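J.: Next up is a structure, given as C-alpha cells.
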Amino acid sequence: MPNADSLEIAKFSRNAHYWWDLQNEFRQLHEINPLRLSWIERHVALAGKTALDVGCGGGILSESLALRGASVTGIDLSERALGVARLHLLESGRTVDYRLASAEDLARQMPGAFDVVTCMEMLEHVPDPASVVAACSALAKPGGHVIFSTFNRNPKSYLFAIVAAEYVVGLLPRGTHDYARFIKPSELSRWARNSGLEADELIGLGYNPLSKKYRLCGNVGVHYLMHATRTSS
Ligand code: SAH
C-alpha cells in the first residue's frame with residue numbers, strides 16, 4: 001500500500017482540469033511559484049542539474065525548474081494531474097519526465113539519483129509525512145538539495161490558513177487542508193535529521209490581504225519552506 005490518502009488523491013484528480021487555470025483552484029500555487037523558485041535558486045544553480053519534483057500535480061513547479069535548465073522528473077499519484085501535466089508540455093514546449101510513482105517507490109528504484117529534490121505543498125496531504133521526507137532524502141545525491149514547503153500547526157495557522165483562507169477570504173477552496181496534518185518546523189527538522197538531512201534554512205511565506213500579494217518573510221508561523229542538504233553518510 002502506498003503512503004497515500006485516496007481521498008486526497010481523488011480531490012486533486014477531480015479538479016485536474018484547473019491546474020493551469022490562473023484564476024481558479026490552483027491560483028495560489030501559481031502566485032507563490034516565482035517566490036519559491038527564486039528561493040530554490042538562492043541555494044542551487046539549476047542549469048544542468050537533475051531535479052525531482054515529488055507530488056508535482058499539474059507541473060507548475062516542475063515546468064519552472066525545467067525552464068531554468070534542470071533535467072526534471074515529476075512524480076505524483078494522481079493520474080489525472082499527470083495527464084494534465086503531460087498535455088501542458090505540448091503547449092509550453094518544455095521537457096519533463098512525468099511518472100506515476102510514490103516517493104518511497106522511486107527511492108527504491110533510483111537511490112541517490114538527484115541533485116535537487118523538491119516536495120512542495122504535499123507533506124500535509126499524506127498519512128505518513130516522515131516516510132516521504134526519508135524517501136526524498138534517499139533520492140538525493142550526497143550533498144544534494146532537498147526543499148520542502150508546508151503549513152505550520154498552531155492557533156495562528158489554523159486562523160489564517162483554514163478559517164481566513166478557506167472561509168473568509170476564499171483564497172483556497174473549503175476542505176483544501178486538514179489542520180491535524182499541518183507540520184511544525186521542529187517536526188519537519190526532526191524527520192529530516194533522522195533521514196540524513198541537515199536542515200539549514202527556513203523561510204516564511206506571508207500573504208498580505210490588502211495588496212493580495214505573497215512574499216518571502218522571516219515569519220514561519222503559518223506557511224514555510226525548508227532547505228536541507230543531504231549529508232554524505
Ligand atoms: N507540488 C505541487 C502540487 C501540490 S498539490 C505544487 O506545489 O505546485 C499536492 C499534490 O500532491 C497533488 O498533486 C496530489 O495528487 C499529490 N499527492 C498527494 N499525496 C501524494 C502521495 N502520497 N504521493 C505522491 N503525490 C501525492
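So you can find residues: chains in the C-alpha cells are A, B, ... in the order shown, residues in each start at 1, and ligands are numbered from 1 in order.
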Give the residue list for ligand 1 at 8 Å, counting only C-alpha atoms and all ligand atoms, as a ChimeraX atom specification, sorted by chain and then by residue number.

T.: /A:2-5,8-13,29-30,33,53-62,75-78,81,101-103,118-123,125-127,132

J.: Using N, CA and C atoms, can you export the residues from the last selection as a short mmCIF file (atom, residue, chain, number, x, y, z; two decimals), in the first residue's frame?

T.:
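Resulting contents of selection-v3.cif:
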```cif
data_model
loop_
_atom_site.label_atom_id
_atom_site.label_comp_id
_atom_site.auth_asym_id
_atom_site.auth_seq_id
_atom_site.Cartn_x
_atom_site.Cartn_y
_atom_site.Cartn_z
N PRO A 2 0.70 2.15 -0.96
CA PRO A 2 1.50 3.38 -0.91
C PRO A 2 1.09 4.25 0.27
N ASN A 3 2.01 5.07 0.69
CA ASN A 3 1.74 6.02 1.77
C ASN A 3 0.94 7.17 1.18
N ALA A 4 -0.36 6.95 0.98
CA ALA A 4 -1.18 7.97 0.32
C ALA A 4 -2.60 7.90 0.86
N ASP A 5 -3.30 9.01 0.80
CA ASP A 5 -4.69 9.08 1.23
C ASP A 5 -5.53 9.15 -0.05
N GLU A 8 -7.54 12.26 -0.70
CA GLU A 8 -6.73 13.42 -1.12
C GLU A 8 -6.39 13.32 -2.61
N ILE A 9 -5.98 12.13 -3.03
CA ILE A 9 -5.62 11.96 -4.44
C ILE A 9 -6.87 12.22 -5.31
N ALA A 10 -8.03 11.72 -4.83
CA ALA A 10 -9.27 11.93 -5.60
C ALA A 10 -9.59 13.42 -5.71
N LYS A 11 -9.32 14.15 -4.62
CA LYS A 11 -9.60 15.60 -4.61
C LYS A 11 -8.74 16.30 -5.67
N PHE A 12 -7.47 15.94 -5.72
CA PHE A 12 -6.59 16.60 -6.70
C PHE A 12 -6.88 16.12 -8.13
N SER A 13 -7.47 14.94 -8.25
CA SER A 13 -7.80 14.43 -9.58
C SER A 13 -9.08 15.08 -10.11
N LEU A 29 -0.99 28.46 -6.01
CA LEU A 29 0.28 27.81 -6.37
C LEU A 29 0.99 28.58 -7.47
N HIS A 30 0.21 29.11 -8.42
CA HIS A 30 0.83 29.93 -9.48
C HIS A 30 1.41 31.21 -8.87
N ASN A 33 4.65 30.53 -6.98
CA ASN A 33 5.69 29.81 -7.73
C ASN A 33 6.96 30.64 -7.99
N ASP A 53 10.63 16.45 -8.71
CA ASP A 53 9.54 17.20 -8.07
C ASP A 53 8.52 16.17 -7.56
N VAL A 54 8.48 16.01 -6.23
CA VAL A 54 7.62 14.99 -5.60
C VAL A 54 6.23 15.59 -5.33
N GLY A 55 5.18 14.93 -5.80
CA GLY A 55 3.83 15.46 -5.67
C GLY A 55 3.68 16.65 -6.59
N CYS A 56 4.06 16.43 -7.85
CA CYS A 56 4.19 17.54 -8.82
C CYS A 56 2.85 18.09 -9.31
N GLY A 57 1.76 17.33 -9.10
CA GLY A 57 0.47 17.79 -9.59
C GLY A 57 0.51 18.06 -11.08
N GLY A 58 -0.05 19.19 -11.48
CA GLY A 58 -0.10 19.54 -12.89
C GLY A 58 1.21 20.09 -13.44
N GLY A 59 2.25 20.18 -12.60
CA GLY A 59 3.57 20.52 -13.11
C GLY A 59 3.96 21.99 -13.02
N ILE A 60 3.30 22.75 -12.14
CA ILE A 60 3.59 24.19 -12.05
C ILE A 60 5.06 24.43 -11.70
N LEU A 61 5.52 23.75 -10.65
CA LEU A 61 6.93 23.92 -10.26
C LEU A 61 7.86 23.14 -11.19
N SER A 62 7.46 21.93 -11.57
CA SER A 62 8.32 21.10 -12.45
C SER A 62 8.69 21.87 -13.71
N ILE A 75 6.86 13.35 -10.11
CA ILE A 75 6.05 12.18 -9.73
C ILE A 75 4.83 12.61 -8.93
N ASP A 76 3.75 11.85 -9.11
CA ASP A 76 2.51 12.11 -8.39
C ASP A 76 1.73 10.81 -8.42
N LEU A 77 0.72 10.70 -7.54
CA LEU A 77 -0.13 9.50 -7.58
C LEU A 77 -1.48 9.80 -8.21
N SER A 78 -1.68 11.01 -8.70
CA SER A 78 -2.92 11.33 -9.41
C SER A 78 -2.66 11.22 -10.92
N ALA A 81 -3.86 14.35 -12.75
CA ALA A 81 -2.96 15.51 -12.66
C ALA A 81 -1.79 15.32 -13.62
N ALA A 101 4.21 7.54 -9.58
CA ALA A 101 5.01 6.82 -8.58
C ALA A 101 4.96 7.55 -7.26
N SER A 102 5.14 6.78 -6.19
CA SER A 102 5.28 7.42 -4.87
C SER A 102 6.77 7.70 -4.66
N ALA A 103 7.05 8.61 -3.75
CA ALA A 103 8.46 8.92 -3.45
C ALA A 103 9.17 7.67 -2.91
N THR A 118 12.48 18.47 -4.79
CA THR A 118 11.51 19.41 -4.23
C THR A 118 10.26 18.63 -3.83
N CYS A 119 9.65 19.04 -2.74
CA CYS A 119 8.42 18.40 -2.28
C CYS A 119 7.58 19.50 -1.66
N MET A 120 6.75 20.11 -2.50
CA MET A 120 6.08 21.36 -2.09
C MET A 120 4.58 21.16 -1.93
N GLU A 121 4.06 21.64 -0.85
CA GLU A 121 2.61 21.63 -0.59
C GLU A 121 2.05 20.21 -0.68
N MET A 122 2.82 19.25 -0.30
CA MET A 122 2.40 17.85 -0.43
C MET A 122 2.41 17.09 0.89
N LEU A 123 3.39 17.39 1.76
CA LEU A 123 3.52 16.62 3.01
C LEU A 123 2.25 16.67 3.86
N HIS A 125 -0.64 16.42 2.97
CA HIS A 125 -1.72 15.64 2.37
C HIS A 125 -1.48 14.13 2.49
N VAL A 126 -0.41 13.73 3.18
CA VAL A 126 -0.11 12.29 3.24
C VAL A 126 -0.22 11.76 4.67
N PRO A 127 -0.56 10.47 4.82
CA PRO A 127 -0.71 9.90 6.17
C PRO A 127 0.60 9.85 6.95
N VAL A 132 7.83 10.16 3.64
CA VAL A 132 8.12 10.91 2.40
C VAL A 132 9.43 11.68 2.56
#
```

J.: Applying 8 Å and only C-alpha atoms, which residues near Leu205 (chain A) remain after dropping the ones on its own chain fewer than 6 positions away? List them as a list in words.

T.: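 My list of contacting residues is Tyr214, Arg215, Leu216, Cys217, Asn219, Val220, Val222, His223, Tyr224 and Leu225 of chain A.
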
J.: Applying 9 Å and only C-alpha atoms, which residues near region 142-151 of chain A remain after dropping the ones on its own chain fewer than 5 positions away? List them as an MDAnalysis selection string.

T.: chainID A and resid 36 40 43:44 112 114:124 133 136:137 157 161 179 181:185 188 197 199 220:233

J.: Report the residues of region 25-215 of chain A whose backbone DSSP state falls under strand (DSSP E), written as number ranges by chain.

T.: A: 50-54, 71-76, 96-100, 114-120, 140-151, 197-208, 213-215

J.: In Å, how far is it from CA of Arg68 (chain A) to CA of His17 (chain A)?

T.: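 Between these atoms lies a distance of 25.2 Å.
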
J.: Using only C-alpha atoms, find the one residue out of A:Ser186, A:Ala135, A:Gly175, A:Val169 that sits nearest to Pro209 (chain A).

T.: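 Smallest separation from Pro209 (chain A) among the options: A:Val169.
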
J.: Leaving out Val96 (chain A) and any residue of its chain fewer than 4 positions from it, which residues lie within 8 Å of it when counting only C-alpha atoms, given as a list of chain:residue names?

T.: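 Neighbouring residues, sequence-local ones excluded: A:Ser62, A:Glu63, A:Ala66, A:Ser71, A:Val72, A:Thr73, A:Gly74, A:Leu89.
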
J.: Just C-alpha atoms for this one: save the residues we selected as a compact mmCIF listing (two decimals), in the first residue's frame.

T.:
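After the write, selection.txt holds the following:
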```
# COMPACT_ATOMS: atom_id res chain seq x y z
CA SER A 62 8.32 21.10 -12.45
CA GLU A 63 7.99 23.22 -15.57
CA ALA A 66 12.89 22.79 -16.43
CA SER A 71 16.56 17.95 -16.21
CA VAL A 72 13.30 17.31 -14.37
CA THR A 73 11.35 14.24 -13.29
CA GLY A 74 7.92 14.81 -11.75
CA LEU A 89 4.13 20.29 -22.12
```

J.: Restricting the calculation to only C-alpha atoms: of A:His88, A:Lys49, A:Arg99, A:Arg80, which residue gets closest to Asp21 (chain A)?

T.: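 Comparing A:His88, A:Lys49, A:Arg99, A:Arg80 against Asp21 (chain A), the winner is A:His88.
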